[in-house]
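Here is structure-v3.csv, consisting of CSV, C-alpha atoms:
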chain,number,residue,atom,x,y,z
A,12,MET,CA,0.7,10.6,17.9
A,13,SER,CA,2.5,9.7,21.1
A,14,ILE,CA,0.2,9.3,24.1
A,15,LEU,CA,2.6,11.4,26.1
A,16,ALA,CA,2.5,14.3,23.7
A,17,GLY,CA,1.4,17.5,25.5
A,18,GLY,CA,-0.1,19.4,22.6
A,19,GLY,CA,-3.5,21.0,22.7
A,20,ALA,CA,-4.8,19.8,19.3
A,21,THR,CA,-8.3,18.5,19.3
A,22,ASP,CA,-8.6,14.8,18.4
A,23,ALA,CA,-11.2,13.1,16.1
A,24,ARG,CA,-13.8,12.9,18.9
A,25,THR,CA,-13.6,16.6,19.6
A,26,ALA,CA,-13.7,17.4,15.9
A,27,LYS,CA,-17.0,15.6,15.6
A,28,VAL,CA,-18.5,17.7,18.3
A,29,ILE,CA,-17.1,20.9,17.0
A,30,GLN,CA,-18.7,20.1,13.6
A,31,LEU,CA,-22.1,20.5,15.4
A,32,TYR,CA,-21.3,24.2,15.5
A,33,ALA,CA,-19.8,24.5,12.0
A,34,THR,CA,-20.8,27.6,10.0
A,35,PRO,CA,-23.6,26.8,7.5
A,36,ARG,CA,-22.7,27.1,3.9
A,37,GLY,CA,-24.1,30.0,1.9
A,38,GLY,CA,-23.6,32.3,-0.9
A,39,ALA,CA,-21.4,35.3,-1.2
A,40,ASP,CA,-23.6,37.3,1.1
A,41,PRO,CA,-23.2,36.0,4.7
A,42,ARG,CA,-26.5,37.5,5.7
A,43,ALA,CA,-28.3,35.5,3.0
A,44,ALA,CA,-26.7,32.3,4.2
A,45,ASP,CA,-27.9,33.0,7.7
A,46,GLN,CA,-31.5,33.4,6.8
A,47,GLY,CA,-33.6,30.6,8.3
A,48,LYS,CA,-30.6,28.9,9.8
A,49,ARG,CA,-29.5,28.8,13.5
A,50,ARG,CA,-25.9,29.3,14.2
A,51,HIS,CA,-23.9,28.9,17.3
A,52,PRO,CA,-23.2,32.1,19.2
A,53,SER,CA,-19.5,31.8,18.7
A,54,GLN,CA,-20.1,32.1,14.9
A,55,GLN,CA,-22.4,35.1,15.1
A,56,PRO,CA,-21.2,38.4,13.7
A,57,ALA,CA,-19.8,40.5,16.6
A,58,PRO,CA,-22.5,43.0,17.8
A,59,ARG,CA,-21.6,46.7,17.6
A,60,ASP,CA,-21.5,49.0,20.6
A,61,SER,CA,-24.6,51.3,20.6
A,62,ARG,CA,-22.5,54.3,21.5
A,63,THR,CA,-19.3,53.9,19.5
A,64,GLY,CA,-20.3,51.6,16.7
A,65,VAL,CA,-17.2,49.5,17.3
A,66,PRO,CA,-17.7,45.7,17.0
A,67,GLN,CA,-17.7,44.1,20.4
A,68,GLU,CA,-15.7,40.9,21.2
A,69,ASN,CA,-17.4,37.7,20.0
A,70,ARG,CA,-18.0,35.2,22.6
A,71,GLY,CA,-18.0,31.4,22.4
A,72,HIS,CA,-19.7,28.4,24.0
A,73,PRO,CA,-21.4,29.2,27.4
A,74,ASN,CA,-20.5,26.0,29.2
A,75,THR,CA,-16.8,26.3,28.7
A,76,ASP,CA,-16.1,30.0,28.0
A,77,GLY,CA,-16.3,30.7,31.7
A,78,PHE,CA,-13.1,28.7,32.1
A,79,ALA,CA,-11.2,31.7,30.7
A,80,GLU,CA,-13.7,34.5,29.9
A,81,SER,CA,-17.3,35.7,30.0
A,82,SER,CA,-20.1,33.5,28.7
A,83,ALA,CA,-22.7,33.9,26.0
A,84,GLN,CA,-26.3,33.1,25.2
A,85,VAL,CA,-27.1,29.5,25.0
A,86,MET,CA,-27.7,27.5,21.8
A,87,PRO,CA,-29.0,24.0,22.6
A,88,ILE,CA,-27.0,21.1,21.4
A,89,ASN,CA,-30.3,19.4,20.6
A,90,ASP,CA,-33.9,19.6,21.8
A,91,GLU,CA,-33.2,17.6,25.0
A,92,VAL,CA,-29.8,18.7,26.2
A,93,ARG,CA,-29.0,22.3,27.0
A,94,LEU,CA,-25.7,23.4,28.3
A,95,ALA,CA,-25.5,25.9,31.1
A,96,ARG,CA,-26.5,29.5,30.3
A,97,SER,CA,-23.7,30.8,32.3
A,98,LEU,CA,-21.0,29.5,34.6
A,99,GLY,CA,-21.5,32.5,36.8
A,100,ALA,CA,-18.6,33.4,39.1
A,101,GLU,CA,-15.8,31.1,38.3
A,102,HIS,CA,-13.7,29.6,41.1
A,103,ARG,CA,-10.4,28.1,40.2
A,104,GLY,CA,-8.2,26.0,42.5
A,105,PRO,CA,-5.1,27.7,43.9
A,106,SER,CA,-2.3,27.9,41.5
A,107,THR,CA,1.3,27.3,42.6
A,108,SER,CA,4.6,27.7,40.9
A,109,SER,CA,6.3,25.3,43.3
A,110,PRO,CA,6.7,21.8,41.7
A,111,PHE,CA,5.8,18.9,43.8
A,112,PHE,CA,9.4,17.5,43.8
A,113,SER,CA,11.1,20.8,44.2
A,114,LEU,CA,12.9,21.7,47.4
A,115,GLY,CA,10.2,24.2,48.3
A,116,GLY,CA,7.5,21.6,47.5
A,117,LEU,CA,9.1,18.9,49.6
A,118,ARG,CA,9.6,21.3,52.5
A,119,GLY,CA,6.0,22.4,52.4
A,120,THR,CA,4.8,18.8,52.2
A,121,VAL,CA,6.8,17.7,55.2
A,122,ALA,CA,6.0,20.8,57.3
A,123,ASP,CA,2.2,20.4,56.6
A,124,SER,CA,2.3,16.7,57.3
A,125,LEU,CA,4.1,17.1,60.6
A,126,THR,CA,1.9,20.0,61.7
A,127,SER,CA,-1.3,18.1,60.8
A,128,ALA,CA,-0.1,14.9,62.5
A,129,ALA,CA,0.8,16.6,65.7
A,130,SER,CA,-2.6,18.4,65.8
A,131,PHE,CA,-4.4,15.2,65.1
A,132,ILE,CA,-2.6,13.2,67.9
A,133,ARG,CA,-3.2,16.0,70.4
A,134,GLU,CA,-6.9,16.3,69.7
A,135,ARG,CA,-7.4,12.6,69.3
A,136,MET,CA,-6.1,12.0,72.8
A,137,THR,CA,-8.9,14.2,74.2
A,138,GLY,CA,-11.5,12.0,72.6
A,139,ASP,CA,-13.3,15.1,71.2
A,140,TYR,CA,-14.3,13.8,67.8
A,141,GLU,CA,-17.3,12.0,66.2
A,142,VAL,CA,-17.9,9.2,63.7
A,143,ASP,CA,-21.2,9.0,61.9
A,144,GLU,CA,-23.3,5.9,61.2
A,145,PHE,CA,-21.3,5.2,57.9
A,146,GLY,CA,-17.9,5.4,59.6
A,147,PHE,CA,-17.1,8.9,58.4
A,148,ASP,CA,-14.5,10.5,60.6
A,149,PRO,CA,-14.3,14.3,59.8
A,150,HIS,CA,-11.5,14.8,62.3
A,151,PHE,CA,-9.2,12.2,60.6
A,152,THR,CA,-10.2,13.5,57.2
A,153,GLU,CA,-9.4,17.1,57.9
A,154,SER,CA,-6.3,16.5,60.0
A,155,VAL,CA,-4.6,13.6,58.2
A,156,TRP,CA,-6.1,12.7,54.9
A,157,PHE,CA,-6.7,16.1,53.2
A,158,PRO,CA,-3.4,17.6,54.1
A,159,ALA,CA,-1.6,14.6,52.6
A,160,ILE,CA,-3.5,14.6,49.3
A,161,ARG,CA,-3.7,18.4,49.0
A,162,GLN,CA,0.0,18.5,48.0
A,163,VAL,CA,-0.8,16.1,45.1
A,164,TYR,CA,-3.9,18.1,44.2
A,165,GLN,CA,-2.2,21.5,44.1
A,166,LYS,CA,1.3,20.7,43.0
A,167,TRP,CA,1.2,17.5,40.9
A,168,PHE,CA,-2.2,17.6,39.2
A,169,ARG,CA,-2.6,21.4,39.6
A,170,VAL,CA,-6.4,21.1,39.7
A,171,GLU,CA,-8.5,23.9,38.5
A,172,VAL,CA,-12.2,24.1,39.5
A,173,SER,CA,-15.1,25.9,37.9
A,174,GLY,CA,-18.9,25.9,38.4
A,175,ILE,CA,-18.6,25.5,42.2
A,176,GLU,CA,-21.5,27.9,42.5
A,177,ASN,CA,-23.7,25.2,41.1
A,178,LEU,CA,-23.4,23.2,44.2
A,179,PRO,CA,-26.1,23.9,46.8
A,180,VAL,CA,-25.1,25.7,50.0
A,181,GLU,CA,-27.2,23.3,52.0
A,182,GLY,CA,-29.3,20.2,51.4
A,183,GLY,CA,-28.7,17.1,49.4
A,184,ALA,CA,-27.7,16.7,45.8
A,185,LEU,CA,-26.4,13.9,43.6
A,186,LEU,CA,-23.2,14.6,41.7
A,187,VAL,CA,-22.6,12.4,38.7
A,188,ALA,CA,-19.2,12.3,37.0
A,189,ASN,CA,-17.2,10.6,34.3
A,190,HIS,CA,-14.8,7.9,35.5
A,191,ALA,CA,-11.3,7.3,34.3
A,192,GLY,CA,-7.7,6.8,35.2
A,193,THR,CA,-7.1,3.0,35.8
A,194,ILE,CA,-7.0,3.8,39.5
A,195,PRO,CA,-10.0,5.9,40.8
A,196,VAL,CA,-8.0,8.9,41.8
A,197,ASP,CA,-10.7,11.2,40.3
A,198,ALA,CA,-13.0,10.5,43.3
A,199,VAL,CA,-10.4,11.6,45.7
A,200,MET,CA,-9.6,14.8,43.8
A,201,THR,CA,-13.3,15.7,43.4
A,202,SER,CA,-13.8,15.3,47.1
A,203,LEU,CA,-11.0,17.7,47.9
A,204,ALA,CA,-12.2,20.1,45.1
A,205,VAL,CA,-15.6,20.4,46.8
A,206,ARG,CA,-14.1,20.8,50.3
A,207,ASP,CA,-11.6,23.5,49.3
A,208,ASN,CA,-13.7,25.5,46.9
A,209,HIS,CA,-17.3,25.3,48.3
A,210,PRO,CA,-18.1,28.6,50.1
A,211,THR,CA,-19.2,26.7,53.2
A,212,GLY,CA,-16.6,23.9,52.9
A,213,ARG,CA,-19.0,21.0,52.5
A,214,HIS,CA,-17.9,17.4,52.5
A,215,LEU,CA,-18.5,15.1,49.5
A,216,ARG,CA,-19.8,11.6,50.3
A,217,VAL,CA,-18.6,9.2,47.7
A,218,LEU,CA,-20.5,6.0,46.6
A,219,ALA,CA,-17.8,3.4,46.0
A,220,ALA,CA,-17.6,0.0,44.4
A,221,ASP,CA,-17.7,-3.2,46.4
A,222,MET,CA,-14.0,-3.9,45.8
A,223,ALA,CA,-13.1,-0.9,47.9
A,224,PHE,CA,-14.8,-2.5,50.9
A,225,ASP,CA,-13.5,-6.0,50.2
A,226,THR,CA,-9.8,-4.9,50.2
A,227,PRO,CA,-8.1,-4.9,53.6
A,228,GLY,CA,-6.8,-1.5,54.7
A,229,VAL,CA,-8.6,0.3,51.9
A,230,SER,CA,-12.0,-0.6,53.3
A,231,GLU,CA,-11.3,1.1,56.7
A,232,LEU,CA,-9.7,4.2,55.1
A,233,ALA,CA,-12.6,4.6,52.6
A,234,ARG,CA,-15.1,4.6,55.4
A,235,ARG,CA,-13.2,7.0,57.5
A,236,ILE,CA,-12.9,9.6,54.7
A,237,GLY,CA,-16.6,9.5,53.9
A,238,ALA,CA,-17.1,6.8,51.3
A,239,THR,CA,-19.8,4.2,51.5
A,240,LEU,CA,-21.2,1.4,49.4
A,241,ALA,CA,-22.8,2.3,46.0
A,242,CYS,CA,-26.2,0.9,46.8
A,243,ASN,CA,-29.7,2.4,46.9
A,244,ASN,CA,-30.1,2.2,50.6
A,245,ASP,CA,-26.9,4.1,51.5
A,246,ALA,CA,-27.5,6.6,48.7
A,247,ASP,CA,-31.1,7.3,50.0
A,248,ARG,CA,-29.9,7.7,53.6
A,249,LEU,CA,-27.2,10.2,52.6
A,250,LEU,CA,-29.5,12.3,50.4
A,251,ARG,CA,-32.3,12.3,53.0
A,252,ALA,CA,-29.7,13.5,55.5
A,253,GLY,CA,-28.9,16.5,53.2
A,254,GLU,CA,-25.4,15.3,52.1
A,255,LEU,CA,-23.6,16.1,48.8
A,256,THR,CA,-23.4,12.6,47.4
A,257,ALA,CA,-21.3,11.5,44.4
A,258,VAL,CA,-21.5,8.6,42.0
A,259,TRP,CA,-19.4,7.5,39.0
A,260,PRO,CA,-21.9,5.3,37.1
A,261,GLU,CA,-19.4,4.1,34.4
A,262,GLY,CA,-17.8,1.9,37.1
A,263,TYR,CA,-15.0,-0.4,36.0
A,264,LYS,CA,-15.9,0.1,32.4
A,265,GLY,CA,-14.8,3.8,32.8
A,266,ILE,CA,-11.6,3.5,34.8
A,267,GLY,CA,-10.5,0.3,32.9
A,268,LYS,CA,-10.9,1.5,29.3
A,269,LEU,CA,-8.0,1.8,27.0
A,270,TYR,CA,-6.2,5.1,26.3
A,271,LYS,CA,-7.5,5.1,22.7
A,272,ASP,CA,-11.0,5.4,24.1
A,273,ARG,CA,-10.2,8.3,26.5
A,274,TYR,CA,-13.0,10.7,27.2
A,275,LYS,CA,-15.6,8.5,25.5
A,276,LEU,CA,-18.2,7.8,28.2
A,277,GLN,CA,-19.2,4.2,28.7
A,278,ARG,CA,-22.7,3.0,29.5
A,279,PHE,CA,-24.2,4.5,32.6
A,280,GLY,CA,-25.6,1.3,33.9
A,281,ARG,CA,-29.3,1.0,34.2
A,282,GLY,CA,-29.9,4.5,35.6
A,283,GLY,CA,-30.0,3.5,39.2
A,284,PHE,CA,-28.6,6.9,40.2
A,285,VAL,CA,-31.6,8.6,38.5
A,286,THR,CA,-34.0,6.4,40.4
A,287,THR,CA,-32.3,7.4,43.6
A,288,ALA,CA,-32.4,11.1,42.7
A,289,LEU,CA,-36.1,11.0,41.7
A,290,ARG,CA,-37.1,9.1,44.9
A,291,ASN,CA,-35.5,11.8,47.0
A,292,ALA,CA,-36.3,14.8,44.8
A,293,ALA,CA,-32.6,15.6,44.8
A,294,PRO,CA,-31.0,17.7,42.0
A,295,ILE,CA,-28.5,15.9,39.7
A,296,ILE,CA,-25.3,17.8,39.1
A,297,PRO,CA,-23.2,16.7,36.1
A,298,VAL,CA,-19.5,16.8,36.8
A,299,SER,CA,-16.9,16.8,34.0
A,300,ILE,CA,-13.3,15.9,34.7
A,301,VAL,CA,-10.5,16.4,32.3
A,302,GLY,CA,-7.0,15.2,33.2
A,303,SER,CA,-7.8,11.9,34.8
A,304,GLU,CA,-7.4,9.9,31.6
A,305,GLU,CA,-3.7,10.7,31.3
A,306,ILE,CA,-2.4,9.7,34.7
A,307,TYR,CA,-2.0,6.0,33.8
A,308,PRO,CA,-2.5,5.8,30.0
A,309,MET,CA,-3.7,2.2,29.6
A,310,LEU,CA,-2.3,0.6,26.5
A,311,SER,CA,-3.4,-2.9,27.0
A,312,ASP,CA,-5.4,-5.1,29.5
A,313,LEU,CA,-3.9,-8.5,30.6
A,314,LYS,CA,-7.4,-10.0,31.0
A,315,PRO,CA,-6.3,-13.7,31.5
A,316,LEU,CA,-4.0,-12.7,34.3
A,317,ALA,CA,-6.5,-10.3,35.7
A,318,LYS,CA,-9.1,-13.1,35.9
A,319,VAL,CA,-6.6,-15.3,37.8
A,320,LEU,CA,-6.0,-12.5,40.3
A,321,GLY,CA,-9.7,-11.7,40.7
A,322,LEU,CA,-9.3,-8.2,39.3
A,323,PRO,CA,-11.6,-6.4,36.8
A,324,TYR,CA,-8.6,-5.6,34.6
A,325,LEU,CA,-4.8,-5.6,34.8
A,326,PRO,CA,-3.4,-2.5,33.0
A,327,VAL,CA,-0.2,-2.2,30.9
A,328,THR,CA,0.9,1.5,30.8
A,329,PRO,CA,4.0,3.2,29.5
A,330,THR,CA,5.5,2.8,33.0
A,331,PHE,CA,3.8,-0.3,34.4
A,332,PRO,CA,5.0,-3.0,34.9
A,333,TRP,CA,8.2,-2.0,33.2
A,334,LEU,CA,9.4,0.3,36.0
A,335,GLY,CA,8.2,-1.9,38.8
A,336,PRO,CA,6.8,0.1,41.8
A,337,LEU,CA,7.8,3.4,40.1
A,338,GLY,CA,5.3,2.6,37.5
A,339,LEU,CA,2.6,3.2,40.1
A,340,VAL,CA,3.5,6.9,40.2
A,341,PRO,CA,0.8,8.8,38.2
A,342,LEU,CA,1.9,11.0,35.4
A,343,PRO,CA,1.4,14.8,36.2
A,344,SER,CA,-1.4,15.7,33.9
A,345,LYS,CA,-3.2,19.0,34.3
A,346,TRP,CA,-6.7,18.6,35.7
A,347,HIS,CA,-9.9,20.6,35.4
A,348,ILE,CA,-13.1,19.8,37.2
A,349,HIS,CA,-16.3,21.5,36.2
A,350,PHE,CA,-19.5,21.3,38.1
A,351,GLY,CA,-22.5,21.8,35.7
A,352,ARG,CA,-25.9,23.3,36.3
A,353,PRO,CA,-28.2,21.2,38.4
A,354,ILE,CA,-30.8,19.1,36.7
A,355,GLU,CA,-33.9,19.4,38.9
A,356,THR,CA,-36.0,16.4,39.7
A,357,GLY,CA,-38.5,17.9,42.2
A,358,SER,CA,-41.1,18.5,39.5
A,359,TYR,CA,-41.5,14.7,38.8
A,360,ASP,CA,-44.2,12.8,40.6
A,361,GLU,CA,-43.5,9.9,42.9
A,362,SER,CA,-44.2,7.2,40.3
A,363,SER,CA,-41.5,8.6,38.0
A,364,ALA,CA,-38.8,6.7,39.9
A,365,ASP,CA,-40.5,3.4,38.7
A,366,ASP,CA,-41.1,4.5,35.1
A,367,PRO,CA,-38.4,3.0,32.9
A,368,MET,CA,-38.9,5.7,30.2
A,369,VAL,CA,-38.4,8.6,32.6
A,370,VAL,CA,-35.3,6.9,34.1
A,371,PHE,CA,-33.9,6.2,30.7
A,372,ASP,CA,-34.5,9.7,29.4
A,373,LEU,CA,-32.9,11.4,32.4
A,374,THR,CA,-30.0,9.0,32.4
A,375,ASP,CA,-29.3,9.8,28.7
A,376,HIS,CA,-29.7,13.5,29.4
A,377,VAL,CA,-27.1,13.5,32.2
A,378,ARG,CA,-24.7,11.3,30.1
A,379,GLU,CA,-25.0,13.6,27.1
A,380,GLU,CA,-24.5,16.7,29.2
A,381,ILE,CA,-21.2,15.4,30.6
A,382,GLN,CA,-20.0,14.1,27.2
A,383,GLN,CA,-20.6,17.3,25.4
A,384,THR,CA,-19.0,19.3,28.1
A,385,LEU,CA,-15.9,17.1,28.1
A,386,PHE,CA,-15.5,17.6,24.3
A,387,ARG,CA,-15.8,21.3,24.6
A,388,MET,CA,-13.3,21.4,27.5
A,389,LEU,CA,-10.9,19.3,25.5
A,390,SER,CA,-11.2,21.6,22.5
A,391,ARG,CA,-10.0,24.5,24.6
A,392,ARG,CA,-7.3,22.5,26.5
A,393,GLY,CA,-3.7,23.4,26.4
A,394,SER,CA,-0.8,21.1,27.1
A,395,VAL,CA,-1.8,17.7,28.7
A,396,TYR,CA,1.1,17.7,31.1
A,397,PHE,CA,2.5,21.2,31.1
A,398,GLY,CA,-0.7,23.3,31.0

Represent the structure of the file as structure tokens.
Amino acid sequence: MSILAGGGATDARTAKVIQLYATPRGGADPRAADQGKRRHPSQQPAPRDSRTGVPQENRGHPNTDGFAESSAQVMPINDEVRLARSLGAEHRGPSTSSPFFSLGGLRGTVADSLTSAASFIRERMTGDYEVDEFGFDPHFTESVWFPAIRQVYQKWFRVEVSGIENLPVEGGALLVANHAGTIPVDAVMTSLAVRDNHPTGRHLRVLAADMAFDTPGVSELARRIGATLACNNDADRLLRAGELTAVWPEGYKGIGKLYKDRYKLQRFGRGGFVTTALRNAAPIIPVSIVGSEEIYPMLSDLKPLAKVLGLPYLPVTPTFPWLGPLGLVPLPSKWHIHFGRPIETGSYDESSADDPMVVFDLTDHVREEIQQTLFRMLSRRGSVYFG
């Protein structure tokens, strides 16, 4: 199957997950086959309306049905991992019929950029702006950065968002997401998704890898748009300050994996993010991102050359390095970002952050929650690039 195929068929990984909910075998009488066996709600006989006796519509899986319809009662995947009972009010990103490279799209991009730049310069000259202790510059972020990437967000990746109601209105929380894409564009798109869809327009503070702050130009930009070093000290300070903080614990293993391993979560490190959440009694919010794997389908990794250049990997994609600089343009995959139900940590005592078993169990819980949600999202996905 071509990696650029846009079909919505589930692959082998998704099929394995779907089998978890396969209908149990039984005799000719379906009711007899059901006795003593638990079935997923999507396979239950449709209930009948108490007034008319007409079968009601059968519902599917609660953690993904909210993407297009109402949710159902929950059936746990296993004894430890339970998906969300309901997505609640779904909030999708704005849809647009204007392609990014259409005449209308270009006009809108240029007009928005010029307006934002003029406003930024005018207000900057007054000196009426603030920069926090991490270097975050809200004025620059709102006036220059977000207007620029919003065009890509809306018209190139056509990002849809669900589960935004699971983010707290105030106070700190640790968002944990799957990582992919060869270049970490997912962190940028998630930041804008939170800003544009949260009812109070909160900012997302990203915990980034060392390389981001060792690269000239990138380091200054990362600080100005709210990123900081992915270390315990910075994470603790952000959470204590009540910030929405995000981490991608797969690191380079996630964004540098081959296309054949897409949507297979890599190891979540040693669970340092769980220790941070426990220490600050901050809820952990699983974030599942579909679409990021297809922007730069990585066919091969030139490891020897990457080592010489001091890079964690050097990708070979269908367009890079064959098309030169044009190969750096991401493919226009359709994105969907889902914010899952919070996993509360406030009930744990202070010593839990130093208990390896507690940290391991919670880390595995979060990882499994994201993985199962990704598989369910993929099973309901339409076209990769034309959805």

Atom pair CA of Pro315 (chain A) + CA of Val258 (chain A), distance 29.0 Å

Report as CSV: every residue of region 150-207 of chain A with an atom at most 9 Å from region 225-246 of chain A, its closest pair of atoms, and their distance in Å to one decimal, counting all atoms listed in the file, with rows sorted by chain and ascending residue number.
residue,atom,partner,partner_atom,distance
A:Phe151,CA,A:Arg235,CA,7.3
A:Thr152,CA,A:Ile236,CA,5.4
A:Glu153,CA,A:Ile236,CA,8.9
A:Trp156,CA,A:Ile236,CA,7.5
A:Leu185,CA,A:Ala246,CA,9.0

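Distances from A:Val301, A:Leu203, A:Asn291, A:Ser358 to Ile160 (chain A) were compared using only C-alpha atoms, and the smallest one belongs to A:Leu203.
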
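The space between CA of Tyr396 (chain A) and CA of Gly302 (chain A) spans 8.7 Å.
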
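The shortest atom-to-atom distance to Gly192 (chain A), with only C-alpha atoms taken into account, belongs to A:Glu305 out of A:Glu380, A:Glu305, A:Asp360, A:Asp207.
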